[in-house]
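Working notes, structure below.
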Amino acid sequence: MDPQFSFLTVLESIDYDGAEDAVAVALKERVLPILQANATAITNSSEGSFNLNITGASAESSGSGSKDGGKEGSAGGSRDTEKTLLPKYMISKKDQDDILTRTDPAKVSALWILALTAKFGNQTADVAEFFSNVNRLLDNISGAQAKLVPEHYRALLYMIAGASDAIDNPNLLLRPLLNAALSFSPSHDVLSPAHALFLIQALTAKQYKLALQLLQYDVDKFDSAYGLTYQDHLRFHYYGATVFIGMKQYEKAIEYLSIVLCAPGFPCSMVQIEALKKTILLQLILYGKHALRLPRMANDFTSHSYRAFARAYDHFAVAFENGDPTVLKLVWNQINNIFSVDGNYGLALHALTAFRKQRIQKLRKTFVTVSMEYIESKDVDILENGPSTKAFVLAMIQDGDLRAKISQKSSTSPIIVVFQDGSITSSHLDELEAKLDSVRQLNEKIAVADREVGQSREYLSRKLQSASAPGGFLSRGGGLEDLEGYDDSMSMMEL
């Protein structure tokens, strides 16, 4: 029987209206074996193979996660491990076009993955057609079918990243990648090959808010059927932490980095080392504490390895916690180039800003009120290029980093900073001010009432005197009952 006839006939005979898993089983048992039977030898196959040099994402896909991983696919070849382990499926060029133009990617996602890797793997021409087809696939991809060809699916994702880099447009497929990542599990808690790649692209495009749409779900499962390893899990949480840093959600970033640091096993991967460096700086920003206090689940061997690789960060943390600006500035001048090389220079600058804030915040423990002049004498800008002390304090108050108010009686009088109790909020202050205003109004009413009562006393005194005179009502037998409505207690009221 003609293999091509068998392939097309079987493809047309599948009931695509059935359950997703049933369609995947039909493809696995009835279609893919035909394509495998038609495949040429695994090595040097010209049909159905593809060149991973297009990706430019080899560093992210390497198992070690090392910085040198990017060199593996350069100057002459793709990574041999990816190329030789890739199963081969024979799809003619005509069938590739038929699959991409005449079938629904939601129904035959596995064939779309094979067709795309075969059609575009060995060429960089017509990038627009490639992205158009990839966009359709990712918007409609079946997670169950992606499991059928996991190596090809991962390779396709690397091709997407490489093509995006080639045209310098990381935004191009962010939405489809997000849809692909979310489509692999109804509860969105299963790691897929698209998760880490989406976060990398989002970070490159600085689309942090879009990345949060994926990170709002706790991913605590991964399916080995996709060819994923625990390193993929670590990379997802590392890049997730980097997104949270970009959004200045530092506590959430530390939570994600802690997952990376507590990974089982004795070898220390570069992903974990980079996670430790960021954790040190984040802990200094949030807590001002020595950062090499690792999570309790981290084993002793790993802890010693961390200290060896992050010694410069350890020195910085010790100087930071010591609180001496002179020492911290000296250490900064010695090691700031290391922060730059590691890609943590911006985070280290935030740490220096936090050091300045924390020195001002500590004044609350000693003073209730303090002059701005005194704060200026204690304030230290390590880099000497930040805002003035007054502008810095005002920004701290506005941002909620310092509970205080500025008081100045006149333009010539000194500026006073009044610290407030941490338990008192602005709403509490507004409520208190309203109550004081109510008390002032009550006092005014009492004063008016007192004047009226005083006038009444004088009137009554004159009346009593006239009543005691001959012919008055008392002389006629009148009594106090005639003074109906008079409250004697009012005459005794005093402010």
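Chain labels follow the order of the structure tokens: the first chain is A, the next B, and so on; residue numbering restarts at 1 in every chain, and ligands are counted from 1 in their shown order.
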Using only C-alpha atoms, what table do you get, as CSV, when you list each residue of region 147-184 of chain A with an atom no more than 8 Å from region 207-219 of chain A, its nearest pair of atoms, and their distance in Å rounded to one decimal, rows by chain then rising number?
residue,atom,partner,partner_atom,distance
A:Leu178,CA,A:Leu214,CA,7.0
A:Ala181,CA,A:Leu214,CA,7.9
A:Leu182,CA,A:Leu214,CA,7.2
*Among region 170-278 of chain A, which residues carry a DSSP assignment of helix (DSSP H, G or I), reported as a PyMOL selection string?*
chain A and resi 174-182+193-205+208-215+224-226+230-246+250-261+270-278
Store the residues picked out above, limited to C-alpha atoms, as a short mmCIF file (atom, residue, chain, number, x, y, z; two decimals), in the first residue's frame.
data_model
loop_
_atom_site.label_atom_id
_atom_site.label_comp_id
_atom_site.auth_asym_id
_atom_site.auth_seq_id
_atom_site.Cartn_x
_atom_site.Cartn_y
_atom_site.Cartn_z
CA LEU A 174 4.10 36.73 23.78
CA ARG A 175 0.32 36.28 23.81
CA PRO A 176 0.38 32.97 21.92
CA LEU A 177 3.16 31.66 24.19
CA LEU A 178 1.10 32.63 27.23
CA ASN A 179 -1.94 30.86 25.79
CA ALA A 180 0.18 27.79 25.11
CA ALA A 181 1.54 27.71 28.66
CA LEU A 182 -1.93 28.06 30.17
CA PRO A 193 7.99 23.65 27.91
CA ALA A 194 6.44 27.04 27.10
CA HIS A 195 6.52 28.38 30.66
CA ALA A 196 10.19 29.35 30.97
CA LEU A 197 10.42 30.49 27.35
CA PHE A 198 7.43 32.80 27.80
CA LEU A 199 9.01 34.36 30.90
CA ILE A 200 12.33 34.86 29.07
CA GLN A 201 10.57 36.62 26.20
CA ALA A 202 8.46 38.70 28.63
CA LEU A 203 11.59 39.78 30.50
CA THR A 204 13.31 40.71 27.25
CA ALA A 205 10.30 42.78 26.23
CA TYR A 208 6.20 42.24 33.50
CA LYS A 209 2.46 42.73 33.95
CA LEU A 210 1.71 40.25 31.17
CA ALA A 211 4.04 37.75 32.82
CA LEU A 212 2.06 38.04 36.05
CA GLN A 213 -0.90 36.47 34.24
CA LEU A 214 1.09 33.24 34.23
CA LEU A 215 2.73 33.71 37.64
CA SER A 224 8.18 14.19 32.32
CA ALA A 225 6.28 13.25 29.15
CA TYR A 226 7.24 16.67 27.79
CA TYR A 230 13.95 19.54 37.40
CA GLN A 231 16.27 22.13 35.86
CA ASP A 232 13.30 23.37 33.82
CA HIS A 233 11.40 23.75 37.09
CA LEU A 234 14.29 25.77 38.57
CA ARG A 235 14.57 28.01 35.53
CA PHE A 236 10.85 28.74 35.59
CA HIS A 237 11.01 29.87 39.21
CA TYR A 238 14.23 31.83 38.65
CA TYR A 239 12.77 33.77 35.73
CA GLY A 240 9.52 34.17 37.67
CA ALA A 241 11.48 35.72 40.52
CA THR A 242 13.14 38.09 38.06
CA VAL A 243 9.68 39.21 36.87
CA PHE A 244 8.64 39.89 40.47
CA ILE A 245 11.83 41.93 40.95
CA GLY A 246 10.89 43.98 37.91
CA TYR A 250 10.41 41.56 46.47
CA GLU A 251 8.83 39.20 49.00
CA LYS A 252 7.27 37.14 46.22
CA ALA A 253 10.63 37.13 44.42
CA ILE A 254 12.35 35.74 47.52
CA GLU A 255 9.68 33.03 47.74
CA TYR A 256 10.40 31.90 44.17
CA LEU A 257 14.17 32.08 44.67
CA SER A 258 13.87 29.97 47.83
CA ILE A 259 12.34 27.18 45.71
CA VAL A 260 15.42 27.32 43.50
CA LEU A 261 17.83 27.31 46.45
CA MET A 270 24.54 28.15 38.00
CA VAL A 271 20.80 28.82 38.18
CA GLN A 272 21.00 28.29 41.95
CA ILE A 273 24.11 30.45 42.29
CA GLU A 274 22.40 33.30 40.45
CA ALA A 275 19.33 32.79 42.64
CA LEU A 276 21.46 33.12 45.76
CA LYS A 277 23.04 36.38 44.60
CA LYS A 278 19.65 37.95 43.98
#
*Skipping near chain neighbours, those fewer than 5 positions away, what residues fall within 12 Å of region 329-334 of chain A using only C-alpha atoms, listed as a ChimeraX atom specification?*
/A:312-320,322-324,339-340,345,348-349,351-352,355-356,380-384
*Write out as a VMD selection string all residues of region 167-265 of chain A that backbone DSSP assigns to strand (DSSP E or B).*
chain A and resid 190 to 191 221 to 222
*Work out how far apart CA of Val190 (chain A) and CA of Leu228 (chain A) are and give it in Å to one decimal.*
11.1 Å
*His152 (chain A) surroundings by only C-alpha atoms, 7 Å radius, close-in-sequence under 6 positions cut, as a list in words*: Ile113, Leu114 and Thr117 of chain A
Grab the residues selected above and save them as a PDB file, in the first residue's frame with N, CA and C atoms.
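The new file again.pdb reads:
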ATOM      1  N   ILE A 113       3.077  20.618  14.689  1.00  0.00           N
ATOM      2  CA  ILE A 113       4.428  20.761  15.263  1.00  0.00           C
ATOM      3  C   ILE A 113       5.457  20.115  14.342  1.00  0.00           C
ATOM      4  N   LEU A 114       5.161  18.912  13.858  1.00  0.00           N
ATOM      5  CA  LEU A 114       6.092  18.229  12.956  1.00  0.00           C
ATOM      6  C   LEU A 114       6.247  18.985  11.645  1.00  0.00           C
ATOM      7  N   THR A 117       8.391  22.273  12.198  1.00  0.00           N
ATOM      8  CA  THR A 117       9.822  22.031  12.396  1.00  0.00           C
ATOM      9  C   THR A 117      10.472  21.533  11.109  1.00  0.00           C
TER      10      THR A 117
END
*What does the distance from CA of Ile160 (chain A) to CA of Lys93 (chain A) come to in Å, to one decimal?*
20.6 Å
_Would you pick out the contacts of Ala128 (chain A) at 12 Å or less, using only C-alpha atoms, so that residues sharing its chain but fewer than 6 positions from it are not included, and give the list as a PyMOL selection string?_
chain A and resi 120+134-135+160+163-164+167+172-173
*asked:* Neighbouring residues of Gly143 (chain A) were defined as those with any atom within 10 Å, considering only C-alpha atoms; residues of the same chain fewer than 6 positions away were excluded. Please report them as a PyMOL selection string.
replied: chain A and resi 20-21+24+106+109-110+180-185+192+226
_Interatomic distance (Å, one decimal) between CA of Pro150 (chain A) and CA of Asp168 (chain A)_ =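 Between CA of Pro150 (chain A) and CA of Asp168 (chain A) the gap is 26.9 Å.
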